[in-house]
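Asker: Below you'll find the structure I mean.
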Amino acid sequence: MTKLYLKDIKKTYSKYEKTSNFDLNIDELKIEDRDFFGIVGGSGCGKTSLLKIIAGLIDIEHGEIYMNQNIVNEILPQRRNIGMIFQENLLFPHMNVYENISFGLKIKKVGKKEISKLIYDVLQSVGLKGFEKRYPNELSGGQKQRVSLARALVLKPELLLMDEPFSALDPELRKEMRNLILKIHKEYNMTIVFVTHDIEEAFNLFDNMIIMKEGRIVQKGSPMQIYENPISTHVARFMGINNILYGNIKNKIFITNDLKINLNRYNKDNVSGNLLLKPECLKVLKISNCYDMVNVFEGTIREFSFRQGFIVFKIDINFMELETIQVYDSNVEFKFDERVFVQYDEKGLLFIADEEEIQC
């Protein structure tokens with residue numbers, strides 16, 4: 001079942017309110033019930049504006065917004081049964097945790113006993129039992145965001161919107177909050193729409209997502225689907241694929257800067273464009289171990305570092321830098337400025353022709 005459906009959304013900014021050089025144009029966006037959905041893109045691409053349009057906080061000139069097949073364009077934000085959490089926690093500093101969470105319930109004239117029960121349950125869910133009497137200035141950043149989450153959840157929204165809520169937290173707290181929101185998503189069986197520019201967050205959280213650029217959706221799918229088949233170099237870079245070489249294909253061989261790479265799976269000939277090489281599909285090998293190997297080219301190690309059982313290399317290839325990642329092998333020692341071979345798996349190569357890039 002579709003929870004949220006947007007069609008032909010247009011928002012034109014006046015010269016007085018413009019913060020970017022584009023307007024928002026969303027041809028179609030469909031989000032299924034109970035989906036954990038991501039809106040992803042760089043700064044100023046329109047992510048937050050889109051979220052606020054869904055919430056009813058920004059008016060549109062054209063288009064329809066549906067929730068549960070019902071149009072909600074004219075429904076006030078407070079009547080849409082949507083919860084929203086921002087990067088800033090926006091807690092009332094003069095109210096304790098209990099009072100902050102109960103604020104919306106009191107406005108809805110919920111009885112004291114029911115408020116008490118609802119707050120007890122939600123504090124259990126967000127891991128803040130026993131914090132009821134603390135004030136915001138007595139809480140850590142992560143605890144404040146837990147209160148914000150509890151304040152939204154206690155109202156039992158049909159849809160929870162989250163605008164980069166963890167970006168101000170340190171890495172360990174961010175990981176902790178990601179685990180919490182996944183637990184909440186499962187426990188409450190709710191639809192969540194989450195804005196971020198952090199691709200690690202996207203892979204950890206989202207069932208499906210869109211990538212935005214200049215007020216438009218450029219690609220939609222699961223994080224893995226988009227990573228496996230980015231439709232442009234912009235999307236590829238955003239998904240963490242930075243190995244992008246420009247060149248020409250002739251007789252199923254990609255040529256750039258005297259570097260030749262086999263592309264037996266690509267049928268077009270005499271085509272210019274960008275070759276994407278996923279870092280995990282490249283393997284750095286000692287030259288002494290590379291006799292009679294195919295699909296290899298030579299390079300020089302410029303950097304390498306260790307990351308939780310993996311080793312990440314930056315290899316200079318004919319004055320071009322490629323990044324690779326592979327499982328660390330303690331039996332093989334590499335050195336800075338060492339000449340090595342890089343073997344590539346053709347399945348990890350993707351070519352985007354110039355005309356395909358323009359269409360994107």
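Ordered as shown in the structure tokens, chains take letters A, B, and onward, while each chain numbers its residues from 1 and ligands are numbered from 1 in the order shown.
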Assign secondary structure with DSSP using the backbone only, and return the residues of region 212-307 of chain A in strand (DSSP E) as a PyMOL selection string.

Answerer: chain A and resi 212-213+216-221+244-250+253-256+259-262+271-277+282-286+296-307

Asker: Identify, with DSSP run on backbone atoms, the residues in region 194-317 of chain A assigned to alpha helix (DSSP H), and express the list as a list in words.

Answerer: Ile199, Glu200, Glu201, Ala202, Phe203, Asn204, Leu205, Pro223, Met224, Gln225, Ile226, Tyr227, Glu228, Thr233, His234, Val235, Ala236, Arg237 and Phe238 of chain A

Asker: Mind dumping a table of every region 147-260 of chain A residue within 12 Å of region 48-62 of chain A, with the nearest atom pair and its distance in Å to one decimal, using only C-alpha atoms, sorted by chain and rising number, as a tab-separated table?

Answerer:
```
residue	atom	partner	partner_atom	distance
A:Pro157	CA	A:Ala55	CA	11.7
A:Glu158	CA	A:Ala55	CA	11.7
A:Leu159	CA	A:Ala55	CA	9.3
A:Leu160	CA	A:Ala55	CA	9.5
A:Leu161	CA	A:Leu51	CA	7.0
A:Met162	CA	A:Leu51	CA	8.3
A:Asp163	CA	A:Thr48	CA	6.6
A:Glu164	CA	A:Thr48	CA	8.9
A:Pro165	CA	A:Thr48	CA	11.7
A:Ile192	CA	A:Leu51	CA	11.3
A:Val193	CA	A:Leu51	CA	8.0
A:Phe194	CA	A:Leu51	CA	8.6
A:Val195	CA	A:Thr48	CA	7.0
A:Thr196	CA	A:Thr48	CA	9.2
A:His197	CA	A:Thr48	CA	10.9
A:Ile210	CA	A:Leu50	CA	11.5
A:Met212	CA	A:Leu50	CA	10.0
A:Glu214	CA	A:Ser49	CA	11.5
A:Gly215	CA	A:Leu50	CA	8.6
A:Arg216	CA	A:Leu50	CA	9.9
A:Ile217	CA	A:Leu50	CA	10.6
```

Asker: Using only C-alpha atoms, which residues sit within 10 Å of region 303-318 of chain A once same-chain residues fewer than 6 positions away are excluded, as a tab-separated table (two decimals) with N, CA and C atoms, in the first residue's frame?

Answerer:
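As written to disk, selection17.tsv reads:
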```tsv
chain	number	residue	atom	x	y	z
A	256	THR	N	42.47	5.43	-22.13
A	256	THR	CA	42.65	6.77	-21.59
A	256	THR	C	44.09	6.91	-21.11
A	257	ASN	N	44.75	7.98	-21.48
A	257	ASN	CA	46.12	8.24	-20.99
A	257	ASN	C	47.05	7.04	-21.15
A	258	ASP	N	46.97	6.37	-22.28
A	258	ASP	CA	47.78	5.18	-22.57
A	258	ASP	C	47.41	3.97	-21.70
A	259	LEU	N	46.37	4.10	-20.90
A	259	LEU	CA	45.88	2.97	-20.10
A	259	LEU	C	44.79	2.24	-20.89
A	279	PRO	N	35.75	0.45	-6.19
A	279	PRO	CA	37.02	0.19	-5.49
A	279	PRO	C	37.17	-1.24	-5.02
A	280	GLU	N	36.06	-1.90	-4.68
A	280	GLU	CA	36.15	-3.28	-4.19
A	280	GLU	C	36.40	-4.28	-5.32
A	282	LEU	N	38.76	-3.84	-7.56
A	282	LEU	CA	40.18	-3.70	-7.91
A	282	LEU	C	41.01	-4.36	-6.82
A	283	LYS	N	42.03	-5.10	-7.21
A	283	LYS	CA	42.88	-5.77	-6.24
A	283	LYS	C	44.33	-5.44	-6.49
A	284	VAL	N	45.01	-4.95	-5.45
A	284	VAL	CA	46.43	-4.61	-5.55
A	284	VAL	C	47.26	-5.87	-5.30
A	297	PHE	N	46.84	-3.76	-14.68
A	297	PHE	CA	47.65	-2.63	-15.12
A	297	PHE	C	48.58	-2.25	-13.99
A	324	THR	N	41.34	1.70	-4.08
A	324	THR	CA	40.93	0.30	-4.02
A	324	THR	C	40.74	-0.08	-2.55
A	325	ILE	N	39.92	-1.12	-2.34
A	325	ILE	CA	39.73	-1.64	-0.99
A	325	ILE	C	39.71	-3.16	-1.07
A	326	GLN	N	40.44	-3.81	-0.17
A	326	GLN	CA	40.48	-5.27	-0.18
A	326	GLN	C	40.76	-5.78	1.23
A	327	VAL	N	40.46	-7.05	1.43
A	327	VAL	CA	40.67	-7.67	2.73
A	327	VAL	C	42.16	-7.66	3.06
A	328	TYR	N	42.48	-7.29	4.30
A	328	TYR	CA	43.87	-7.22	4.74
A	328	TYR	C	44.45	-8.62	4.88
A	329	ASP	N	45.63	-8.81	4.32
A	329	ASP	CA	46.36	-10.08	4.42
A	329	ASP	C	47.69	-9.80	5.11
A	334	PHE	N	53.06	-4.32	1.91
A	334	PHE	CA	53.18	-3.30	0.87
A	334	PHE	C	53.93	-2.09	1.44
A	335	LYS	N	54.52	-1.31	0.53
A	335	LYS	CA	55.28	-0.13	0.95
A	335	LYS	C	54.84	1.08	0.12
A	336	PHE	N	55.01	2.27	0.72
A	336	PHE	CA	54.77	3.50	-0.02
A	336	PHE	C	55.70	3.58	-1.22
A	337	ASP	N	55.17	4.09	-2.34
A	337	ASP	CA	55.91	4.27	-3.60
A	337	ASP	C	56.32	2.95	-4.24
A	338	GLU	N	55.75	1.86	-3.78
A	338	GLU	CA	56.04	0.56	-4.38
A	338	GLU	C	55.27	0.42	-5.70
A	339	ARG	N	55.96	-0.13	-6.72
A	339	ARG	CA	55.29	-0.45	-7.97
A	339	ARG	C	54.49	-1.73	-7.78
A	340	VAL	N	53.24	-1.72	-8.21
A	340	VAL	CA	52.36	-2.87	-8.03
A	340	VAL	C	51.53	-3.07	-9.29
A	341	PHE	N	50.87	-4.22	-9.36
A	341	PHE	CA	49.86	-4.45	-10.37
A	341	PHE	C	48.49	-4.30	-9.72
A	342	VAL	N	47.55	-3.78	-10.49
A	342	VAL	CA	46.15	-3.70	-10.05
A	342	VAL	C	45.33	-4.56	-11.00
```

Asker: What lies within 12 Å of region 109-117 of chain A using only C-alpha atoms, ignoring chain neighbours under 2 positions off, as a list in words?

Answerer: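 Everything that qualifies: Tyr98, Glu99, Asn100, Ile101, Ser102, Phe103, Gly104, Leu105, Lys106, Ile107, Ile119, Tyr120, Asp121, Val122, Leu123, Gln124, Glu132, Arg151, Val154 and Leu155 of chain A.
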
Asker: Suppose we keep C-alpha atoms; can you now write the selection as an mmCIF file, in the first residue's frame?

Answerer:
```cif
data_model
loop_
_atom_site.group_PDB
_atom_site.id
_atom_site.type_symbol
_atom_site.label_atom_id
_atom_site.label_comp_id
_atom_site.auth_asym_id
_atom_site.auth_seq_id
_atom_site.Cartn_x
_atom_site.Cartn_y
_atom_site.Cartn_z
ATOM 1 C CA TYR A 98 8.316 14.697 30.859
ATOM 2 C CA GLU A 99 6.886 18.149 30.159
ATOM 3 C CA ASN A 100 8.550 18.385 26.741
ATOM 4 C CA ILE A 101 7.126 15.041 25.656
ATOM 5 C CA SER A 102 3.662 15.742 27.079
ATOM 6 C CA PHE A 103 3.328 19.163 25.420
ATOM 7 C CA GLY A 104 1.635 17.935 22.228
ATOM 8 C CA LEU A 105 -0.623 15.539 24.153
ATOM 9 C CA LYS A 106 -1.876 18.377 26.359
ATOM 10 C CA ILE A 107 -2.712 20.440 23.293
ATOM 11 C CA ILE A 119 5.123 8.774 28.141
ATOM 12 C CA TYR A 120 6.199 5.749 30.195
ATOM 13 C CA ASP A 121 5.913 3.536 27.100
ATOM 14 C CA VAL A 122 7.761 5.908 24.781
ATOM 15 C CA LEU A 123 10.562 6.531 27.286
ATOM 16 C CA GLN A 124 11.064 2.772 27.422
ATOM 17 C CA GLU A 132 11.663 12.327 33.244
ATOM 18 C CA ARG A 151 7.989 13.772 21.604
ATOM 19 C CA VAL A 154 4.081 9.783 21.585
ATOM 20 C CA LEU A 155 1.613 11.447 19.187
#
```

Asker: Show which residues sit within 12 Å of Val218 (chain A), as a list of chain:residue names. Count only C-alpha atoms, and ignore same-chain residues fewer than 6 positions away.

Answerer: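 That gives A:Asn25, A:Ile26, A:Asp27, A:Glu28, A:Leu29, A:Ile39, A:Val40, A:Gly41, A:Cys45, A:Met209, A:Ile210, A:Ile211, A:Met212, A:Ile226, A:Pro230, A:Ile231, A:Ser232, A:Thr233, A:His234, A:Val235, A:Ala236, A:Phe238, A:Glu357, A:Ile358, A:Gln359, A:Cys360.
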